[in-house]
Amino acid sequence: MFCTQCGAGNADNAAVCVQCGRSLQGAAPGAALPVQGVPGQGVVLPPGVVVQNYLVFAILATIFCCLPAGIPAIVYAAQVNEKLRAGDLAGATAASNNAKLWCMISAGAFLGIAFIYGMVLLIGILLSVSHSN
Amino acid sequence: MPIRKHWLVAAMCGAAAAAVVMLRVFDPATSGIFPPCPVRYLTGWYCPGCGSLRAIHQLLHGNLRAAWAMNPLTVILLPFVAYGVASSALLELRGQGLPQPFLRAMWIRALCAAIILFGIVRNLPTHPFDWLAPGAMLHL
């Protein structure tokens, strides 16, 4: 059966959803839930499909590398959950892709800065070695 | 599941392990091998993450008080972020993450606002706000 809150696929006898922890008791086992979203009840996804919000990576991006790219990632992560809850699968997927994109931009900025800083350190070391000779 | 993703997860785990070893051995406060915060470098302002590397260095040495003084936000968020990252890795590897609550959008937005607010407040020059600047609480 599929969780009515987050849409994750669960075993038919599961008590709570493995993805979001919502109680699955009371839901009819194997009930044929529509694949498209039901407003107010959440999106029901096909088995194995998860719409990720990348929230942890957005937080990591914000506090460890790159605040300007991390904040939009968190905003899109919020949109993913808002749209999943509203039953808007297409909107949630689009927001998920945007959240991922901003996490990638942040990771790219981090690697770029680390590379430039490493180069500056290396040049500094080489210069100091050549001066001492 | 594509093999490529196993490599991605393995590479990220390796990078995380290397970062932990580096942060345990070298103190970002005194050694020059960690880059400065770009926001601080360019604007002179503390960002919400300033002090987070120093905080993790102190945590890896068991100094919770010193870590808290460097960046309380990082100390609070770190266990949740570690759980979330582990969940994402498991989701990639076996198609199922760890159990976690479905967060309402308003809570995620509240978290975002709290991070931004923390970043603003720790730059204010008056007590008690300036105690939130990295390391300030060590001198109380």
# chains A, B, ... in the order shown; residues from 1 in each chain; ligands from 1
call {"tool": "interface_residues", "arguments": {"of": "chain A", "to": "chain B", "cutoff": "7 Å", "atoms": "only C-alpha atoms", "output": "JSON, numbers by chain"}}
result
{"A": [18, 19, 20, 21, 48, 56, 63, 64, 74, 75, 78, 79, 81, 82, 114, 117]}
call {"tool": "write_last_selection", "arguments": {"atoms": "C-alpha atoms", "output": "CSV table (one decimal), in the first residue's frame"}}
result
chain,number,residue,atom,x,y,z
A,18,VAL,CA,8.7,3.8,6.3
A,19,GLN,CA,9.3,7.1,4.7
A,20,CYS,CA,7.4,9.6,6.9
A,21,GLY,CA,6.2,7.6,9.9
A,48,GLY,CA,9.9,2.9,-5.7
A,56,VAL,CA,19.6,18.0,4.6
A,63,ILE,CA,25.9,26.3,6.9
A,64,PHE,CA,29.0,24.8,5.4
A,74,ILE,CA,15.8,25.3,1.5
A,75,VAL,CA,12.9,27.4,0.0
A,78,ALA,CA,9.7,23.6,1.5
A,79,GLN,CA,7.9,23.8,-1.8
A,81,ASN,CA,6.7,19.1,0.8
A,82,GLU,CA,4.0,21.8,0.4
A,114,ALA,CA,38.4,25.0,-2.3
A,117,TYR,CA,42.2,28.4,-2.0
call {"tool": "atom_distance", "arguments": {"atom1": "atom CA of Gln58 of chain B", "atom2": "atom CA of Thr30 of chain B"}}
result
12.6 Å
call {"tool": "atom_distance", "arguments": {"atom1": "atom CA of Gly91 of chain A", "atom2": "atom CA of Asn53 of chain A"}}
result
12.1 Å
call {"tool": "residues_around", "arguments": {"residues": "Leu101 of chain A", "least_positions_apart": "4", "cutoff": "10 Å", "atoms": "only C-alpha atoms", "output": "MDAnalysis selection string"}}
result
chainID A and resid 69 72:73 76 95:97 105:107
call {"tool": "atom_distance", "arguments": {"atom1": "atom CA of Gly70 of chain A", "atom2": "atom CA of Gly112 of chain A"}}
result
15.7 Å
call {"tool": "select_by_dssp", "arguments": {"residues": "chain B", "states": "alpha helix (DSSP H)", "output": "CSV table (one decimal) with N, CA, C and O atoms, in the first residue's frame"}}
result
chain,number,residue,atom,x,y,z
B,3,ILE,N,25.0,1.0,-10.9
B,3,ILE,CA,26.3,0.8,-10.2
B,3,ILE,C,26.9,2.2,-9.9
B,3,ILE,O,27.5,2.5,-8.9
B,4,ARG,N,26.7,3.2,-10.9
B,4,ARG,CA,27.2,4.5,-10.8
B,4,ARG,C,26.9,5.2,-9.5
B,4,ARG,O,27.7,5.9,-8.9
B,5,LYS,N,25.7,4.9,-9.0
B,5,LYS,CA,25.2,5.5,-7.7
B,5,LYS,C,26.0,5.0,-6.5
B,5,LYS,O,26.2,5.7,-5.6
B,6,HIS,N,26.4,3.7,-6.6
B,6,HIS,CA,27.2,3.1,-5.5
B,6,HIS,C,28.5,3.9,-5.4
B,6,HIS,O,29.0,4.2,-4.4
B,7,TRP,N,29.1,4.2,-6.6
B,7,TRP,CA,30.3,4.9,-6.6
B,7,TRP,C,30.2,6.3,-6.1
B,7,TRP,O,31.0,6.8,-5.3
B,8,LEU,N,29.0,6.9,-6.4
B,8,LEU,CA,28.8,8.3,-5.9
B,8,LEU,C,28.7,8.3,-4.4
B,8,LEU,O,29.3,9.1,-3.7
B,9,VAL,N,27.9,7.3,-3.9
B,9,VAL,CA,27.8,7.2,-2.4
B,9,VAL,C,29.1,6.9,-1.7
B,9,VAL,O,29.5,7.5,-0.7
B,10,ALA,N,29.9,6.0,-2.4
B,10,ALA,CA,31.2,5.6,-1.8
B,10,ALA,C,32.1,6.9,-1.8
B,10,ALA,O,32.8,7.1,-0.8
B,11,ALA,N,32.1,7.6,-2.9
B,11,ALA,CA,33.0,8.8,-3.0
B,11,ALA,C,32.6,9.8,-1.9
B,11,ALA,O,33.5,10.4,-1.3
B,12,MET,N,31.3,10.0,-1.7
B,12,MET,CA,30.8,11.0,-0.8
B,12,MET,C,31.2,10.6,0.7
B,12,MET,O,31.6,11.4,1.5
B,13,CYS,N,31.0,9.2,0.9
B,13,CYS,CA,31.4,8.7,2.3
B,13,CYS,C,32.9,8.9,2.5
B,13,CYS,O,33.3,9.3,3.6
B,14,GLY,N,33.7,8.7,1.4
B,14,GLY,CA,35.2,8.8,1.5
B,14,GLY,C,35.5,10.3,1.8
B,14,GLY,O,36.3,10.6,2.7
B,15,ALA,N,34.8,11.2,1.1
B,15,ALA,CA,35.1,12.6,1.3
B,15,ALA,C,34.7,13.0,2.7
B,15,ALA,O,35.4,13.8,3.4
B,16,ALA,N,33.6,12.5,3.2
B,16,ALA,CA,33.1,12.9,4.6
B,16,ALA,C,34.1,12.3,5.6
B,16,ALA,O,34.5,13.1,6.6
B,17,ALA,N,34.6,11.1,5.4
B,17,ALA,CA,35.6,10.5,6.3
B,17,ALA,C,36.9,11.3,6.3
B,17,ALA,O,37.4,11.6,7.4
B,18,ALA,N,37.3,11.7,5.1
B,18,ALA,CA,38.6,12.5,5.0
B,18,ALA,C,38.4,13.9,5.8
B,18,ALA,O,39.3,14.3,6.5
B,19,ALA,N,37.2,14.5,5.6
B,19,ALA,CA,36.9,15.8,6.2
B,19,ALA,C,36.9,15.6,7.8
B,19,ALA,O,37.4,16.5,8.5
B,20,VAL,N,36.4,14.5,8.3
B,20,VAL,CA,36.4,14.2,9.7
B,20,VAL,C,37.8,14.1,10.2
B,20,VAL,O,38.1,14.7,11.3
B,21,VAL,N,38.6,13.4,9.5
B,21,VAL,CA,40.0,13.2,10.0
B,21,VAL,C,40.8,14.5,9.9
B,21,VAL,O,41.4,14.9,10.9
B,22,MET,N,40.6,15.3,8.8
B,22,MET,CA,41.2,16.6,8.7
B,22,MET,C,40.8,17.5,9.9
B,22,MET,O,41.6,18.3,10.5
B,23,LEU,N,39.5,17.5,10.2
B,23,LEU,CA,38.9,18.4,11.2
B,23,LEU,C,39.3,17.9,12.6
B,23,LEU,O,39.4,18.7,13.5
B,24,ARG,N,39.6,16.6,12.8
B,24,ARG,CA,40.1,16.2,14.1
B,24,ARG,C,41.6,16.6,14.3
B,24,ARG,O,41.9,17.0,15.4
B,25,VAL,N,42.4,16.5,13.2
B,25,VAL,CA,43.8,16.7,13.3
B,25,VAL,C,44.1,18.2,13.4
B,25,VAL,O,44.9,18.7,14.2
B,38,PRO,N,33.7,32.5,2.7
B,38,PRO,CA,33.6,33.5,1.7
B,38,PRO,C,32.8,34.7,2.0
B,38,PRO,O,33.1,35.8,1.7
B,39,VAL,N,31.7,34.5,2.7
B,39,VAL,CA,30.8,35.6,3.1
B,39,VAL,C,31.6,36.5,4.1
B,39,VAL,O,31.6,37.8,3.9
B,40,ARG,N,32.2,36.0,5.0
B,40,ARG,CA,33.0,36.8,6.0
B,40,ARG,C,34.2,37.5,5.3
B,40,ARG,O,34.5,38.7,5.5
B,41,TYR,N,34.8,36.8,4.4
B,41,TYR,CA,36.0,37.3,3.7
B,41,TYR,C,35.6,38.5,2.8
B,41,TYR,O,36.3,39.5,2.8
B,42,LEU,N,34.4,38.4,2.1
B,42,LEU,CA,34.0,39.4,1.2
B,42,LEU,C,33.3,40.6,1.9
B,42,LEU,O,33.4,41.7,1.4
B,43,THR,N,32.5,40.3,2.9
B,43,THR,CA,31.6,41.3,3.5
B,43,THR,C,32.1,41.7,4.9
B,43,THR,O,31.7,42.8,5.4
B,52,SER,N,31.4,27.0,12.1
B,52,SER,CA,30.9,25.6,12.1
B,52,SER,C,32.1,24.6,12.0
B,52,SER,O,32.0,23.5,12.7
B,53,LEU,N,33.1,24.9,11.2
B,53,LEU,CA,34.3,24.0,11.1
B,53,LEU,C,35.0,23.9,12.5
B,53,LEU,O,35.4,22.8,13.0
B,54,ARG,N,35.2,25.1,13.1
B,54,ARG,CA,35.8,25.1,14.4
B,54,ARG,C,35.0,24.4,15.5
B,54,ARG,O,35.5,23.7,16.3
B,55,ALA,N,33.6,24.5,15.3
B,55,ALA,CA,32.7,23.8,16.3
B,55,ALA,C,32.9,22.3,16.1
B,55,ALA,O,32.9,21.6,17.1
B,56,ILE,N,33.0,21.8,14.8
B,56,ILE,CA,33.1,20.4,14.6
B,56,ILE,C,34.5,19.9,15.1
B,56,ILE,O,34.6,18.8,15.7
B,57,HIS,N,35.5,20.7,14.9
B,57,HIS,CA,36.8,20.3,15.5
B,57,HIS,C,36.7,20.1,17.0
B,57,HIS,O,37.2,19.2,17.5
B,58,GLN,N,36.0,21.1,17.7
B,58,GLN,CA,35.9,21.0,19.1
B,58,GLN,C,35.0,19.7,19.5
B,58,GLN,O,35.3,19.0,20.5
B,59,LEU,N,34.0,19.5,18.8
B,59,LEU,CA,33.1,18.3,19.0
B,59,LEU,C,34.0,17.0,18.9
B,59,LEU,O,33.8,16.1,19.7
B,60,LEU,N,34.8,17.0,17.9
B,60,LEU,CA,35.6,15.8,17.6
B,60,LEU,C,36.7,15.6,18.8
B,60,LEU,O,37.2,14.5,18.9
B,64,LEU,N,32.2,20.0,24.1
B,64,LEU,CA,30.9,20.5,23.7
B,64,LEU,C,30.7,22.0,24.0
B,64,LEU,O,30.1,22.7,23.2
B,65,ARG,N,31.3,22.5,25.1
B,65,ARG,CA,31.1,23.9,25.5
B,65,ARG,C,31.8,24.8,24.5
B,65,ARG,O,31.2,25.8,24.0
B,66,ALA,N,33.0,24.4,24.1
B,66,ALA,CA,33.8,25.2,23.1
B,66,ALA,C,33.1,25.1,21.7
B,66,ALA,O,33.0,26.1,21.0
B,67,ALA,N,32.5,24.0,21.4
B,67,ALA,CA,31.8,23.8,20.1
B,67,ALA,C,30.6,24.7,20.1
B,67,ALA,O,30.3,25.4,19.1
B,68,TRP,N,29.9,24.7,21.3
B,68,TRP,CA,28.7,25.6,21.4
B,68,TRP,C,29.0,27.1,21.2
B,68,TRP,O,28.3,27.8,20.6
B,69,ALA,N,30.2,27.5,21.8
B,69,ALA,CA,30.6,28.9,21.7
B,69,ALA,C,30.9,29.2,20.3
B,69,ALA,O,30.7,30.4,19.8
B,70,MET,N,31.4,28.3,19.5
B,70,MET,CA,31.8,28.6,18.1
B,70,MET,C,30.6,28.8,17.2
B,70,MET,O,30.5,29.7,16.4
B,72,PRO,N,26.4,27.6,17.9
B,72,PRO,CA,25.4,26.8,18.5
B,72,PRO,C,24.4,26.2,17.5
B,72,PRO,O,24.0,25.1,17.7
B,73,LEU,N,24.2,26.9,16.4
B,73,LEU,CA,23.3,26.4,15.4
B,73,LEU,C,23.8,25.1,14.8
B,73,LEU,O,23.0,24.1,14.6
B,74,THR,N,25.1,25.0,14.5
B,74,THR,CA,25.7,23.8,14.0
B,74,THR,C,25.6,22.7,15.0
B,74,THR,O,25.3,21.5,14.6
B,75,VAL,N,25.8,22.9,16.2
B,75,VAL,CA,25.8,21.9,17.3
B,75,VAL,C,24.4,21.3,17.3
B,75,VAL,O,24.2,20.1,17.5
B,76,ILE,N,23.4,22.2,17.2
B,76,ILE,CA,22.0,21.7,17.3
B,76,ILE,C,21.6,20.9,16.1
B,76,ILE,O,21.0,19.9,16.2
B,77,LEU,N,22.0,21.4,14.9
B,77,LEU,CA,21.5,20.8,13.6
B,77,LEU,C,22.3,19.6,13.3
B,77,LEU,O,21.8,18.7,12.5
B,78,LEU,N,23.6,19.5,13.7
B,78,LEU,CA,24.4,18.4,13.3
B,78,LEU,C,23.9,17.0,13.4
B,78,LEU,O,23.9,16.2,12.5
B,79,PRO,N,23.3,16.6,14.6
B,79,PRO,CA,22.7,15.2,14.7
B,79,PRO,C,21.6,15.0,13.7
B,79,PRO,O,21.6,13.9,13.1
B,80,PHE,N,20.8,16.0,13.4
B,80,PHE,CA,19.7,15.8,12.5
B,80,PHE,C,20.2,15.7,11.0
B,80,PHE,O,19.8,14.9,10.3
B,81,VAL,N,21.2,16.5,10.7
B,81,VAL,CA,21.8,16.5,9.4
B,81,VAL,C,22.5,15.2,9.2
B,81,VAL,O,22.4,14.6,8.1
B,82,ALA,N,23.2,14.7,10.2
B,82,ALA,CA,23.9,13.4,10.0
B,82,ALA,C,22.9,12.3,9.8
B,82,ALA,O,23.1,11.4,8.9
B,83,TYR,N,21.8,12.3,10.5
B,83,TYR,CA,20.8,11.3,10.3
B,83,TYR,C,20.2,11.4,8.9
B,83,TYR,O,20.0,10.4,8.2
B,84,GLY,N,19.9,12.6,8.5
B,84,GLY,CA,19.3,12.8,7.2
B,84,GLY,C,20.3,12.4,6.0
B,84,GLY,O,19.8,11.8,5.1
B,85,VAL,N,21.6,12.7,6.2
B,85,VAL,CA,22.5,12.2,5.2
B,85,VAL,C,22.6,10.7,5.1
B,85,VAL,O,22.6,10.1,4.1
B,86,ALA,N,22.6,10.1,6.3
B,86,ALA,CA,22.7,8.6,6.4
B,86,ALA,C,21.4,8.0,5.7
B,86,ALA,O,21.5,7.1,4.9
B,87,SER,N,20.3,8.7,5.9
B,87,SER,CA,19.0,8.2,5.3
B,87,SER,C,19.1,8.4,3.8
B,87,SER,O,18.7,7.5,3.0
B,88,SER,N,19.7,9.5,3.3
B,88,SER,CA,19.8,9.7,1.8
B,88,SER,C,20.7,8.6,1.2
B,88,SER,O,20.4,8.1,0.1
B,89,ALA,N,21.8,8.3,1.9
B,89,ALA,CA,22.8,7.3,1.4
B,89,ALA,C,22.1,6.0,1.3
B,89,ALA,O,22.2,5.2,0.3
B,90,LEU,N,21.3,5.6,2.4
B,90,LEU,CA,20.6,4.3,2.3
B,90,LEU,C,19.5,4.3,1.3
B,90,LEU,O,19.3,3.3,0.6
B,91,LEU,N,18.9,5.5,1.0
B,91,LEU,CA,17.8,5.6,0.0
B,91,LEU,C,18.5,5.3,-1.4
B,91,LEU,O,17.9,4.6,-2.2
B,92,GLU,N,19.7,5.8,-1.6
B,92,GLU,CA,20.4,5.5,-2.9
B,92,GLU,C,20.8,4.1,-3.0
B,92,GLU,O,20.7,3.5,-4.0
B,93,LEU,N,21.2,3.5,-1.9
B,93,LEU,CA,21.8,2.1,-1.9
B,93,LEU,C,20.8,1.0,-2.0
B,93,LEU,O,20.9,0.1,-2.7
B,94,ARG,N,19.7,1.2,-1.1
B,94,ARG,CA,18.7,0.1,-1.0
B,94,ARG,C,17.3,0.5,-1.4
B,94,ARG,O,16.4,-0.3,-1.2
B,105,ALA,N,5.6,22.3,5.2
B,105,ALA,CA,6.4,23.3,4.6
B,105,ALA,C,6.6,24.5,5.5
B,105,ALA,O,7.7,25.1,5.5
B,106,MET,N,5.6,24.7,6.4
B,106,MET,CA,5.8,25.9,7.3
B,106,MET,C,7.0,25.7,8.3
B,106,MET,O,7.6,26.6,8.7
B,107,TRP,N,7.2,24.4,8.7
B,107,TRP,CA,8.3,24.1,9.6
B,107,TRP,C,9.7,24.3,8.8
B,107,TRP,O,10.6,24.8,9.4
B,108,ILE,N,9.7,23.9,7.6
B,108,ILE,CA,10.9,24.1,6.8
B,108,ILE,C,11.2,25.6,6.6
B,108,ILE,O,12.3,26.0,6.7
B,109,ARG,N,10.1,26.3,6.3
B,109,ARG,CA,10.3,27.8,6.2
B,109,ARG,C,10.7,28.4,7.5
B,109,ARG,O,11.5,29.4,7.5
B,110,ALA,N,10.2,27.9,8.6
B,110,ALA,CA,10.5,28.4,9.9
B,110,ALA,C,12.0,28.2,10.2
B,110,ALA,O,12.7,29.1,10.7
B,111,LEU,N,12.5,27.0,9.8
B,111,LEU,CA,13.9,26.7,10.0
B,111,LEU,C,14.8,27.6,9.1
B,111,LEU,O,15.8,28.1,9.6
B,112,CYS,N,14.3,27.9,7.9
B,112,CYS,CA,15.1,28.8,7.0
B,112,CYS,C,15.1,30.2,7.6
B,112,CYS,O,16.2,30.8,7.7
B,113,ALA,N,14.0,30.6,8.2
B,113,ALA,CA,14.0,32.0,8.8
B,113,ALA,C,14.9,32.0,10.0
B,113,ALA,O,15.6,33.0,10.3
B,114,ALA,N,14.9,30.9,10.8
B,114,ALA,CA,15.7,30.8,12.0
B,114,ALA,C,17.2,30.9,11.6
B,114,ALA,O,18.0,31.6,12.3
B,115,ILE,N,17.6,30.2,10.6
B,115,ILE,CA,19.0,30.3,10.1
B,115,ILE,C,19.4,31.7,9.7
B,115,ILE,O,20.4,32.2,10.1
B,116,ILE,N,18.5,32.3,8.9
B,116,ILE,CA,18.8,33.7,8.5
B,116,ILE,C,18.8,34.6,9.7
B,116,ILE,O,19.7,35.5,9.8
B,117,LEU,N,17.9,34.5,10.6
B,117,LEU,CA,17.8,35.4,11.8
B,117,LEU,C,19.1,35.2,12.6
B,117,LEU,O,19.7,36.2,13.1
B,118,PHE,N,19.5,33.9,12.8
B,118,PHE,CA,20.7,33.7,13.6
B,118,PHE,C,21.9,34.4,12.9
B,118,PHE,O,22.8,35.0,13.6
B,119,GLY,N,22.0,34.4,11.6
B,119,GLY,CA,23.0,35.0,10.9
B,119,GLY,C,23.0,36.6,11.1
B,119,GLY,O,24.1,37.2,11.1
B,120,ILE,N,21.8,37.1,11.1
B,120,ILE,CA,21.7,38.6,11.3
B,120,ILE,C,22.1,38.9,12.8
B,120,ILE,O,22.9,39.8,13.0
B,121,VAL,N,21.5,38.2,13.7
B,121,VAL,CA,21.6,38.6,15.1
B,121,VAL,C,23.0,38.5,15.6
B,121,VAL,O,23.5,39.3,16.4
call {"tool": "closest_residue", "arguments": {"among": "A:Cys3, A:Cys17, A:Leu111, A:Val80", "to": "Gln52 of chain A", "atoms": "only C-alpha atoms"}}
result
A:Val80
